[in-house]
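Chemist: Below you will find the structure I want to go over with you.
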Amino acid sequence: MLFGVFATMADDPYTILGIDSTASAAEIKSAYRQLVKKHHPDAGGDEKIIVEINAAWEVLGTYDSRQAYDDMRCSSLDPVEESKQREARNAQASVVAKAAQGQAAAEKDALLKWLKEIYNPINRLLGQIINPFSSELKNLSADPYDDSLMESFCLYIAKSQKLMNKIDQLYRSMPTPRSVHGFGLSLYHCLSQVQDALNELERYTMGYVDNYLHDGREMLREAKQRRLRLQEEQRRLEV
């Protein structure tokens with residue numbers, strides 16, 4: 001077993017890495033990297049020293065192996081020293097736990113802020129584009145070549161394009177929290193579908209090519225379904 005290599009305190013992996021036994025995982029990693037840079041044979045270092053450094057890292061580099069070594073190490077200490085070591089580890093674990101709790105709370109606050117100030121307004125604006133489409137299309141279908149009906153449909157498209165400009169400004173005004181990267185990506189795809197749909201519908205109004213109308217209608221249908229899924233996911237995120 002590798003622990004047998006460290007027979008004395010002088011051989012202790014903490015001593016080899018030049019760190020305290022209460023060091024955090026990040027501090028251990030940083031110390032190891034610095035020593036490797038300094039003592040690597042390619043940089044003119046001693047091969048024996050680099051072997052010791054790597055052996056120390058193998059023991060302390062993962063939680064399980066470090067815990068096993070610490071348990072073995074404490075068993076060789078006198079009761080007073082063992083108690084001190086245990087208290088130090090518990091204190092370090094408490095600090096790490098509190099930091100994790102603080103980070104989780106900050107991420108939750110950032111998420112709720114983004115949902116309130118970015119997603120919710122975007123969702124409402126999307127509704128103003130997607131929801132009226134069926135009735136607008138139905139009206140136009142009565143006679144696509146009727147100037148007044150076509151004018152009304154064109155006004156709907158123009159209004160929708162203005163709404164998309166507002167949506168784009170909102171979406172870019174605040175980064176999507178990392179904790180909901182997938183949600184933000186799905187919202188981006190929804191917005192892209194709506195924008196592409198409006199572009200296709202606008203092409204239809206300029207040439208009456210049915211393919212443009214069909215593609216635009218299908219894109220809006222898919223965007224509507226994606227919007228519904230986003231709404232369901234949003235309710236889960238806010239819990």
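Chains: A, B, ... in order of the structure tokens. Residues: from 1 per chain. Ligands: from 1, in order shown.
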Residues near Pro121 in chain A, anyone? I mean within 12 Å using only C-alpha atoms, not counting same-chain ones fewer than 3 positions away, as a PyMOL selection string.
Modeler: chain A and resi 113-118+124-128+163-164+166-171
Chemist: Please provide the set of residues having any atom within 10 Å of Glu52 in chain A, restricted to only C-alpha atoms, with same-chain residues fewer than 3 positions apart removed, written as a PyMOL selection string.
Modeler: chain A and resi 5-6+11-13+16-17+47-49+55-58
Chemist: If you run DSSP on the backbone, which residues of range 39-221 of chain A are alpha helix (DSSP H), as a compact mmCIF listing (two decimals) with N, CA and C atoms, in the first residue's frame?
Modeler:
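out-v1.txt was written with the following content:
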```txt
# COMPACT_ATOMS: atom_id res chain seq x y z
N HIS A 39 10.47 21.13 -9.63
CA HIS A 39 11.36 19.97 -9.50
C HIS A 39 11.29 18.98 -10.66
N GLU A 47 14.96 13.82 -9.99
CA GLU A 47 13.96 12.79 -10.28
C GLU A 47 13.45 12.14 -9.00
N LYS A 48 14.30 11.98 -8.00
CA LYS A 48 13.88 11.37 -6.74
C LYS A 48 12.84 12.24 -6.04
N ILE A 49 13.06 13.55 -6.09
CA ILE A 49 12.12 14.47 -5.44
C ILE A 49 10.77 14.45 -6.15
N ILE A 50 10.79 14.40 -7.47
CA ILE A 50 9.52 14.41 -8.20
C ILE A 50 8.74 13.14 -7.94
N VAL A 51 9.45 12.02 -7.70
CA VAL A 51 8.78 10.77 -7.36
C VAL A 51 8.05 10.92 -6.02
N GLU A 52 8.72 11.56 -5.06
CA GLU A 52 8.11 11.78 -3.75
C GLU A 52 6.89 12.71 -3.86
N ILE A 53 7.02 13.73 -4.68
CA ILE A 53 5.91 14.69 -4.87
C ILE A 53 4.71 13.99 -5.48
N ASN A 54 4.96 13.17 -6.50
CA ASN A 54 3.86 12.44 -7.15
C ASN A 54 3.21 11.44 -6.19
N ALA A 55 4.04 10.81 -5.35
CA ALA A 55 3.50 9.86 -4.38
C ALA A 55 2.62 10.58 -3.36
N ALA A 56 3.06 11.77 -2.94
CA ALA A 56 2.27 12.56 -2.00
C ALA A 56 0.94 12.97 -2.63
N TRP A 57 0.99 13.36 -3.89
CA TRP A 57 -0.24 13.76 -4.59
C TRP A 57 -1.19 12.57 -4.75
N GLU A 58 -0.64 11.40 -5.01
CA GLU A 58 -1.49 10.22 -5.16
C GLU A 58 -2.28 9.94 -3.88
N VAL A 59 -1.67 10.26 -2.74
CA VAL A 59 -2.34 10.06 -1.45
C VAL A 59 -3.35 11.17 -1.16
N LEU A 60 -2.98 12.41 -1.43
CA LEU A 60 -3.81 13.55 -1.02
C LEU A 60 -4.69 14.11 -2.14
N TYR A 63 -10.38 12.66 -2.42
CA TYR A 63 -10.99 12.72 -1.08
C TYR A 63 -10.84 11.39 -0.35
N ASP A 64 -11.14 10.28 -1.02
CA ASP A 64 -11.13 8.97 -0.35
C ASP A 64 -9.73 8.59 0.14
N SER A 65 -8.73 8.76 -0.74
CA SER A 65 -7.38 8.36 -0.34
C SER A 65 -6.85 9.28 0.76
N ARG A 66 -7.18 10.55 0.67
CA ARG A 66 -6.74 11.48 1.72
C ARG A 66 -7.39 11.13 3.06
N GLN A 67 -8.70 10.81 3.03
CA GLN A 67 -9.40 10.47 4.25
C GLN A 67 -8.81 9.22 4.89
N ALA A 68 -8.50 8.23 4.06
CA ALA A 68 -7.91 7.00 4.58
C ALA A 68 -6.54 7.27 5.20
N TYR A 69 -5.76 8.12 4.53
CA TYR A 69 -4.44 8.45 5.08
C TYR A 69 -4.57 9.23 6.39
N ASP A 70 -5.50 10.19 6.42
CA ASP A 70 -5.69 10.99 7.64
C ASP A 70 -6.10 10.11 8.82
N ASP A 71 -6.96 9.13 8.54
CA ASP A 71 -7.38 8.21 9.60
C ASP A 71 -6.19 7.43 10.14
N MET A 72 -5.36 6.95 9.20
CA MET A 72 -4.17 6.19 9.61
C MET A 72 -3.19 7.09 10.36
N ARG A 73 -3.05 8.30 9.89
CA ARG A 73 -2.12 9.26 10.48
C ARG A 73 -2.53 9.62 11.91
N CYS A 74 -3.84 9.84 12.09
CA CYS A 74 -4.33 10.20 13.43
C CYS A 74 -4.15 9.07 14.43
N SER A 75 -4.25 7.83 13.93
CA SER A 75 -4.12 6.69 14.84
C SER A 75 -2.72 6.58 15.43
N PRO A 79 -3.41 11.12 21.93
CA PRO A 79 -4.81 11.52 21.97
C PRO A 79 -5.03 13.02 21.85
N VAL A 80 -4.17 13.83 22.47
CA VAL A 80 -4.34 15.29 22.42
C VAL A 80 -4.15 15.80 20.99
N GLU A 81 -3.07 15.34 20.36
CA GLU A 81 -2.80 15.77 18.99
C GLU A 81 -3.88 15.27 18.04
N GLU A 82 -4.33 14.04 18.25
CA GLU A 82 -5.39 13.49 17.41
C GLU A 82 -6.66 14.33 17.51
N SER A 83 -6.98 14.75 18.75
CA SER A 83 -8.16 15.59 18.95
C SER A 83 -8.02 16.92 18.22
N LYS A 84 -6.82 17.50 18.28
CA LYS A 84 -6.58 18.76 17.58
C LYS A 84 -6.74 18.60 16.08
N GLN A 85 -6.22 17.50 15.54
CA GLN A 85 -6.33 17.25 14.11
C GLN A 85 -7.78 17.08 13.70
N ARG A 86 -8.53 16.35 14.53
CA ARG A 86 -9.94 16.11 14.21
C ARG A 86 -10.72 17.42 14.23
N GLU A 87 -10.45 18.25 15.25
CA GLU A 87 -11.14 19.54 15.35
C GLU A 87 -10.79 20.43 14.15
N ALA A 88 -9.55 20.37 13.73
CA ALA A 88 -9.13 21.19 12.59
C ALA A 88 -9.84 20.74 11.32
N ARG A 89 -9.95 19.41 11.14
CA ARG A 89 -10.64 18.91 9.94
C ARG A 89 -12.12 19.26 9.97
N ASN A 90 -12.72 19.15 11.17
CA ASN A 90 -14.13 19.49 11.28
C ASN A 90 -14.37 20.98 11.00
N ALA A 91 -13.45 21.80 11.49
CA ALA A 91 -13.58 23.25 11.24
C ALA A 91 -13.46 23.55 9.76
N GLN A 92 -12.51 22.87 9.10
CA GLN A 92 -12.33 23.06 7.65
C GLN A 92 -13.56 22.61 6.89
N ALA A 93 -14.13 21.48 7.30
CA ALA A 93 -15.32 20.97 6.63
C ALA A 93 -16.50 21.92 6.82
N SER A 94 -16.58 22.54 8.02
CA SER A 94 -17.66 23.49 8.29
C SER A 94 -17.52 24.72 7.41
N VAL A 95 -16.28 25.19 7.24
CA VAL A 95 -16.05 26.36 6.37
C VAL A 95 -16.45 26.06 4.94
N VAL A 96 -16.06 24.87 4.47
CA VAL A 96 -16.39 24.48 3.10
C VAL A 96 -17.90 24.37 2.93
N ALA A 97 -18.58 23.78 3.93
CA ALA A 97 -20.03 23.61 3.85
C ALA A 97 -20.74 24.95 3.82
N LYS A 98 -20.29 25.89 4.67
CA LYS A 98 -20.91 27.22 4.70
C LYS A 98 -20.68 27.95 3.38
N ALA A 99 -19.48 27.80 2.82
CA ALA A 99 -19.19 28.44 1.54
C ALA A 99 -20.09 27.89 0.44
N ALA A 100 -20.29 26.56 0.47
CA ALA A 100 -21.16 25.93 -0.53
C ALA A 100 -22.60 26.40 -0.39
N GLN A 101 -23.05 26.54 0.87
CA GLN A 101 -24.41 27.02 1.11
C GLN A 101 -24.57 28.46 0.63
N GLY A 102 -23.54 29.27 0.88
CA GLY A 102 -23.59 30.66 0.43
C GLY A 102 -23.62 30.76 -1.08
N GLN A 103 -22.83 29.92 -1.74
CA GLN A 103 -22.81 29.92 -3.20
C GLN A 103 -24.15 29.47 -3.77
N ALA A 104 -24.73 28.44 -3.15
CA ALA A 104 -26.03 27.94 -3.62
C ALA A 104 -27.11 29.02 -3.47
N ALA A 105 -27.07 29.74 -2.35
CA ALA A 105 -28.05 30.81 -2.13
C ALA A 105 -27.87 31.93 -3.14
N ALA A 106 -26.62 32.28 -3.44
CA ALA A 106 -26.35 33.33 -4.42
C ALA A 106 -26.82 32.92 -5.81
N GLU A 107 -26.60 31.65 -6.16
CA GLU A 107 -27.03 31.16 -7.47
C GLU A 107 -28.56 31.16 -7.57
N LYS A 108 -29.23 30.82 -6.48
CA LYS A 108 -30.69 30.82 -6.46
C LYS A 108 -31.23 32.24 -6.64
N ASP A 109 -30.61 33.20 -5.95
CA ASP A 109 -31.02 34.59 -6.08
C ASP A 109 -30.83 35.10 -7.50
N ALA A 110 -29.69 34.74 -8.10
CA ALA A 110 -29.41 35.16 -9.48
C ALA A 110 -30.43 34.56 -10.45
N LEU A 111 -30.81 33.31 -10.20
CA LEU A 111 -31.79 32.65 -11.06
C LEU A 111 -33.15 33.34 -10.96
N LEU A 112 -33.61 33.60 -9.74
CA LEU A 112 -34.91 34.24 -9.55
C LEU A 112 -34.93 35.64 -10.16
N LYS A 113 -33.82 36.34 -10.06
CA LYS A 113 -33.72 37.68 -10.66
C LYS A 113 -33.82 37.59 -12.18
N TRP A 114 -33.12 36.62 -12.76
CA TRP A 114 -33.16 36.45 -14.21
C TRP A 114 -34.56 36.07 -14.69
N ASN A 120 -39.62 36.23 -17.71
CA ASN A 120 -41.05 36.52 -17.63
C ASN A 120 -41.49 37.60 -18.62
N PRO A 121 -40.77 38.73 -18.74
CA PRO A 121 -41.14 39.72 -19.76
C PRO A 121 -41.07 39.16 -21.18
N ILE A 122 -40.03 38.35 -21.45
CA ILE A 122 -39.90 37.76 -22.78
C ILE A 122 -41.07 36.82 -23.05
N ASN A 123 -41.44 36.04 -22.06
CA ASN A 123 -42.56 35.11 -22.22
C ASN A 123 -43.86 35.85 -22.56
N ARG A 124 -44.10 36.98 -21.87
CA ARG A 124 -45.31 37.76 -22.16
C ARG A 124 -45.28 38.33 -23.57
N LEU A 125 -44.14 38.83 -24.00
CA LEU A 125 -44.02 39.38 -25.35
C LEU A 125 -44.20 38.28 -26.41
N LEU A 126 -43.65 37.10 -26.13
CA LEU A 126 -43.84 35.99 -27.06
C LEU A 126 -45.32 35.65 -27.22
N GLY A 127 -46.06 35.72 -26.11
CA GLY A 127 -47.49 35.45 -26.17
C GLY A 127 -48.21 36.42 -27.08
N GLN A 128 -47.75 37.68 -27.12
CA GLN A 128 -48.37 38.68 -27.98
C GLN A 128 -48.10 38.43 -29.47
N ILE A 129 -47.10 37.61 -29.73
CA ILE A 129 -46.80 37.23 -31.12
C ILE A 129 -47.48 35.92 -31.49
N ILE A 130 -47.31 34.92 -30.64
CA ILE A 130 -47.77 33.57 -30.97
C ILE A 130 -49.29 33.43 -30.86
N PHE A 133 -51.71 34.59 -33.77
CA PHE A 133 -51.40 34.13 -35.13
C PHE A 133 -52.54 33.35 -35.76
N SER A 134 -53.15 32.44 -35.03
CA SER A 134 -54.20 31.59 -35.60
C SER A 134 -55.36 32.42 -36.14
N SER A 135 -55.80 33.39 -35.36
CA SER A 135 -56.92 34.22 -35.82
C SER A 135 -56.51 35.11 -36.98
N GLU A 136 -55.28 35.62 -36.95
CA GLU A 136 -54.79 36.45 -38.06
C GLU A 136 -54.73 35.64 -39.35
N LEU A 137 -54.25 34.41 -39.24
CA LEU A 137 -54.16 33.56 -40.42
C LEU A 137 -55.56 33.17 -40.93
N LYS A 138 -56.46 32.90 -39.99
CA LYS A 138 -57.83 32.55 -40.38
C LYS A 138 -58.48 33.70 -41.13
N ASN A 139 -58.29 34.91 -40.66
CA ASN A 139 -58.86 36.07 -41.35
C ASN A 139 -58.30 36.20 -42.76
N LEU A 140 -56.99 36.03 -42.88
CA LEU A 140 -56.36 36.15 -44.20
C LEU A 140 -56.82 35.05 -45.13
N SER A 141 -57.07 33.86 -44.61
CA SER A 141 -57.45 32.72 -45.44
C SER A 141 -58.78 32.92 -46.14
N ASP A 147 -56.99 43.13 -50.41
CA ASP A 147 -55.98 44.09 -49.95
C ASP A 147 -56.13 44.44 -48.47
N SER A 148 -57.35 44.61 -48.01
CA SER A 148 -57.54 44.99 -46.61
C SER A 148 -57.14 43.85 -45.67
N LEU A 149 -57.47 42.61 -46.05
CA LEU A 149 -57.08 41.47 -45.23
C LEU A 149 -55.56 41.29 -45.21
N MET A 150 -54.94 41.46 -46.37
CA MET A 150 -53.49 41.35 -46.43
C MET A 150 -52.82 42.47 -45.64
N GLU A 151 -53.38 43.66 -45.71
CA GLU A 151 -52.82 44.78 -44.96
C GLU A 151 -52.88 44.51 -43.46
N SER A 152 -53.99 43.95 -43.00
CA SER A 152 -54.12 43.61 -41.59
C SER A 152 -53.09 42.56 -41.18
N PHE A 153 -52.86 41.58 -42.05
CA PHE A 153 -51.88 40.53 -41.75
C PHE A 153 -50.47 41.12 -41.72
N CYS A 154 -50.20 42.04 -42.64
CA CYS A 154 -48.88 42.69 -42.67
C CYS A 154 -48.65 43.54 -41.41
N LEU A 155 -49.70 44.17 -40.92
CA LEU A 155 -49.59 44.94 -39.69
C LEU A 155 -49.25 44.04 -38.50
N TYR A 156 -49.86 42.85 -38.51
CA TYR A 156 -49.56 41.88 -37.46
C TYR A 156 -48.07 41.49 -37.50
N ILE A 157 -47.56 41.26 -38.69
CA ILE A 157 -46.15 40.88 -38.83
C ILE A 157 -45.25 42.02 -38.40
N ALA A 158 -45.57 43.24 -38.81
CA ALA A 158 -44.74 44.40 -38.45
C ALA A 158 -44.72 44.60 -36.93
N LYS A 159 -45.89 44.47 -36.30
CA LYS A 159 -45.97 44.60 -34.85
C LYS A 159 -45.14 43.50 -34.17
N SER A 160 -45.23 42.30 -34.71
CA SER A 160 -44.49 41.18 -34.14
C SER A 160 -42.98 41.38 -34.26
N GLN A 161 -42.55 41.95 -35.38
CA GLN A 161 -41.11 42.21 -35.56
C GLN A 161 -40.62 43.23 -34.54
N LYS A 162 -41.44 44.23 -34.23
CA LYS A 162 -41.06 45.21 -33.21
C LYS A 162 -40.97 44.54 -31.83
N LEU A 163 -41.90 43.64 -31.56
CA LEU A 163 -41.86 42.90 -30.30
C LEU A 163 -40.60 42.05 -30.21
N MET A 164 -40.20 41.46 -31.33
CA MET A 164 -38.99 40.63 -31.34
C MET A 164 -37.75 41.48 -31.08
N ASN A 165 -37.76 42.73 -31.54
CA ASN A 165 -36.63 43.62 -31.23
C ASN A 165 -36.53 43.87 -29.73
N LYS A 166 -37.68 44.08 -29.08
CA LYS A 166 -37.69 44.26 -27.63
C LYS A 166 -37.20 43.00 -26.93
N ILE A 167 -37.65 41.86 -27.42
CA ILE A 167 -37.23 40.58 -26.84
C ILE A 167 -35.72 40.40 -26.95
N ASP A 168 -35.19 40.73 -28.11
CA ASP A 168 -33.75 40.57 -28.33
C ASP A 168 -32.95 41.45 -27.36
N GLN A 169 -33.40 42.67 -27.16
CA GLN A 169 -32.72 43.58 -26.22
C GLN A 169 -32.78 43.03 -24.80
N LEU A 170 -33.93 42.50 -24.42
CA LEU A 170 -34.07 41.92 -23.10
C LEU A 170 -33.14 40.73 -22.92
N TYR A 171 -33.14 39.84 -23.89
CA TYR A 171 -32.36 38.61 -23.80
C TYR A 171 -30.87 38.90 -23.64
N ARG A 172 -30.42 39.97 -24.30
CA ARG A 172 -29.00 40.31 -24.26
C ARG A 172 -28.61 41.15 -23.05
N SER A 173 -29.59 41.63 -22.31
CA SER A 173 -29.31 42.57 -21.23
C SER A 173 -28.75 41.92 -19.98
N HIS A 181 -28.37 26.73 -17.82
CA HIS A 181 -27.82 26.88 -19.18
C HIS A 181 -28.74 26.22 -20.21
N GLY A 182 -29.22 25.02 -19.90
CA GLY A 182 -30.09 24.31 -20.84
C GLY A 182 -31.40 25.04 -21.07
N PHE A 183 -31.96 25.60 -20.01
CA PHE A 183 -33.20 26.37 -20.12
C PHE A 183 -32.99 27.59 -21.01
N GLY A 184 -31.89 28.30 -20.77
CA GLY A 184 -31.57 29.47 -21.58
C GLY A 184 -31.37 29.12 -23.05
N LEU A 185 -30.75 27.97 -23.29
CA LEU A 185 -30.52 27.54 -24.67
C LEU A 185 -31.84 27.21 -25.36
N SER A 186 -32.75 26.57 -24.63
CA SER A 186 -34.06 26.25 -25.19
C SER A 186 -34.84 27.53 -25.49
N LEU A 187 -34.72 28.52 -24.62
CA LEU A 187 -35.38 29.81 -24.87
C LEU A 187 -34.80 30.46 -26.13
N TYR A 188 -33.49 30.39 -26.28
CA TYR A 188 -32.85 30.95 -27.48
C TYR A 188 -33.38 30.29 -28.75
N HIS A 189 -33.53 28.97 -28.72
CA HIS A 189 -34.06 28.26 -29.90
C HIS A 189 -35.50 28.68 -30.17
N CYS A 190 -36.27 28.88 -29.12
CA CYS A 190 -37.66 29.32 -29.28
C CYS A 190 -37.70 30.69 -29.97
N LEU A 191 -36.86 31.59 -29.51
CA LEU A 191 -36.81 32.93 -30.11
C LEU A 191 -36.37 32.86 -31.57
N SER A 192 -35.42 32.01 -31.85
CA SER A 192 -34.95 31.86 -33.24
C SER A 192 -36.06 31.32 -34.14
N GLN A 193 -36.83 30.37 -33.62
CA GLN A 193 -37.95 29.82 -34.40
C GLN A 193 -38.99 30.89 -34.71
N VAL A 194 -39.30 31.71 -33.72
CA VAL A 194 -40.28 32.77 -33.94
C VAL A 194 -39.77 33.77 -34.95
N GLN A 195 -38.51 34.17 -34.82
CA GLN A 195 -37.95 35.14 -35.76
C GLN A 195 -37.91 34.58 -37.18
N ASP A 196 -37.51 33.34 -37.34
CA ASP A 196 -37.49 32.72 -38.67
C ASP A 196 -38.90 32.60 -39.23
N ALA A 197 -39.85 32.30 -38.36
CA ALA A 197 -41.24 32.19 -38.81
C ALA A 197 -41.75 33.52 -39.35
N LEU A 198 -41.48 34.59 -38.64
CA LEU A 198 -41.92 35.91 -39.08
C LEU A 198 -41.27 36.29 -40.42
N ASN A 199 -40.02 35.92 -40.57
CA ASN A 199 -39.34 36.20 -41.83
C ASN A 199 -39.99 35.45 -43.00
N GLU A 200 -40.36 34.18 -42.74
CA GLU A 200 -41.03 33.40 -43.79
C GLU A 200 -42.40 33.98 -44.12
N LEU A 201 -43.14 34.38 -43.10
CA LEU A 201 -44.47 34.95 -43.34
C LEU A 201 -44.36 36.27 -44.10
N GLU A 202 -43.35 37.03 -43.80
CA GLU A 202 -43.16 38.29 -44.53
C GLU A 202 -42.84 38.03 -45.99
N ARG A 203 -42.06 36.98 -46.27
CA ARG A 203 -41.77 36.62 -47.66
C ARG A 203 -43.06 36.22 -48.38
N TYR A 204 -43.94 35.54 -47.66
CA TYR A 204 -45.21 35.15 -48.27
C TYR A 204 -46.02 36.36 -48.69
N THR A 205 -46.07 37.39 -47.87
CA THR A 205 -46.87 38.58 -48.19
C THR A 205 -46.34 39.31 -49.41
N MET A 206 -45.08 39.07 -49.77
CA MET A 206 -44.51 39.78 -50.90
C MET A 206 -44.62 39.00 -52.20
N GLY A 207 -45.01 37.72 -52.13
CA GLY A 207 -45.07 36.96 -53.38
C GLY A 207 -46.11 35.87 -53.41
N ASP A 210 -46.84 29.78 -51.38
CA ASP A 210 -47.43 29.01 -50.29
C ASP A 210 -46.40 28.34 -49.39
N ASN A 211 -45.24 27.97 -49.94
CA ASN A 211 -44.22 27.31 -49.12
C ASN A 211 -43.77 28.19 -47.95
N TYR A 212 -43.68 29.49 -48.22
CA TYR A 212 -43.29 30.41 -47.16
C TYR A 212 -44.34 30.42 -46.04
N LEU A 213 -45.59 30.44 -46.45
CA LEU A 213 -46.68 30.45 -45.46
C LEU A 213 -46.67 29.15 -44.65
N HIS A 214 -46.49 28.04 -45.34
CA HIS A 214 -46.47 26.73 -44.66
C HIS A 214 -45.32 26.64 -43.66
N ASP A 215 -44.11 27.04 -44.12
CA ASP A 215 -42.94 26.97 -43.24
C ASP A 215 -43.10 27.88 -42.03
N GLY A 216 -43.60 29.09 -42.27
CA GLY A 216 -43.79 30.02 -41.17
C GLY A 216 -44.78 29.50 -40.15
N ARG A 217 -45.87 28.91 -40.64
CA ARG A 217 -46.89 28.36 -39.73
C ARG A 217 -46.32 27.22 -38.90
N GLU A 218 -45.53 26.33 -39.53
CA GLU A 218 -44.96 25.20 -38.80
C GLU A 218 -43.93 25.66 -37.76
N MET A 219 -43.14 26.66 -38.11
CA MET A 219 -42.16 27.18 -37.17
C MET A 219 -42.83 27.78 -35.93
N LEU A 220 -43.92 28.52 -36.16
CA LEU A 220 -44.64 29.10 -35.03
C LEU A 220 -45.32 28.02 -34.18
N ARG A 221 -45.78 26.96 -34.84
CA ARG A 221 -46.38 25.86 -34.09
C ARG A 221 -45.35 25.21 -33.18
```
Chemist: Find the distance between CA of Met174 in chain A and CA of Leu230 in chain A and write it in Å to one decimal.
Modeler: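 Separating CA of Met174 in chain A from CA of Leu230 in chain A is a distance of 18.2 Å.
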Chemist: Of the candidates A:Tyr14, A:Tyr119, A:Tyr32, A:Tyr145, which shows the shortest atom-to-atom distance to Tyr208 in chain A, using only C-alpha atoms?
Modeler: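 Among the listed residues, A:Tyr145 lies closest to Tyr208 in chain A.
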Chemist: Can you work out the spacing between CA of Gln234 in chain A and CA of Val180 in chain A in Å, to one decimal?
Modeler: 10.1 Å
Chemist: May I ask which of the residues A:Pro144, A:Thr176, A:Ile19, A:Gln231 is the closest one to Leu35 in chain A, counting only C-alpha atoms?
Modeler: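 Closest to Leu35 in chain A of all the choices is A:Ile19.
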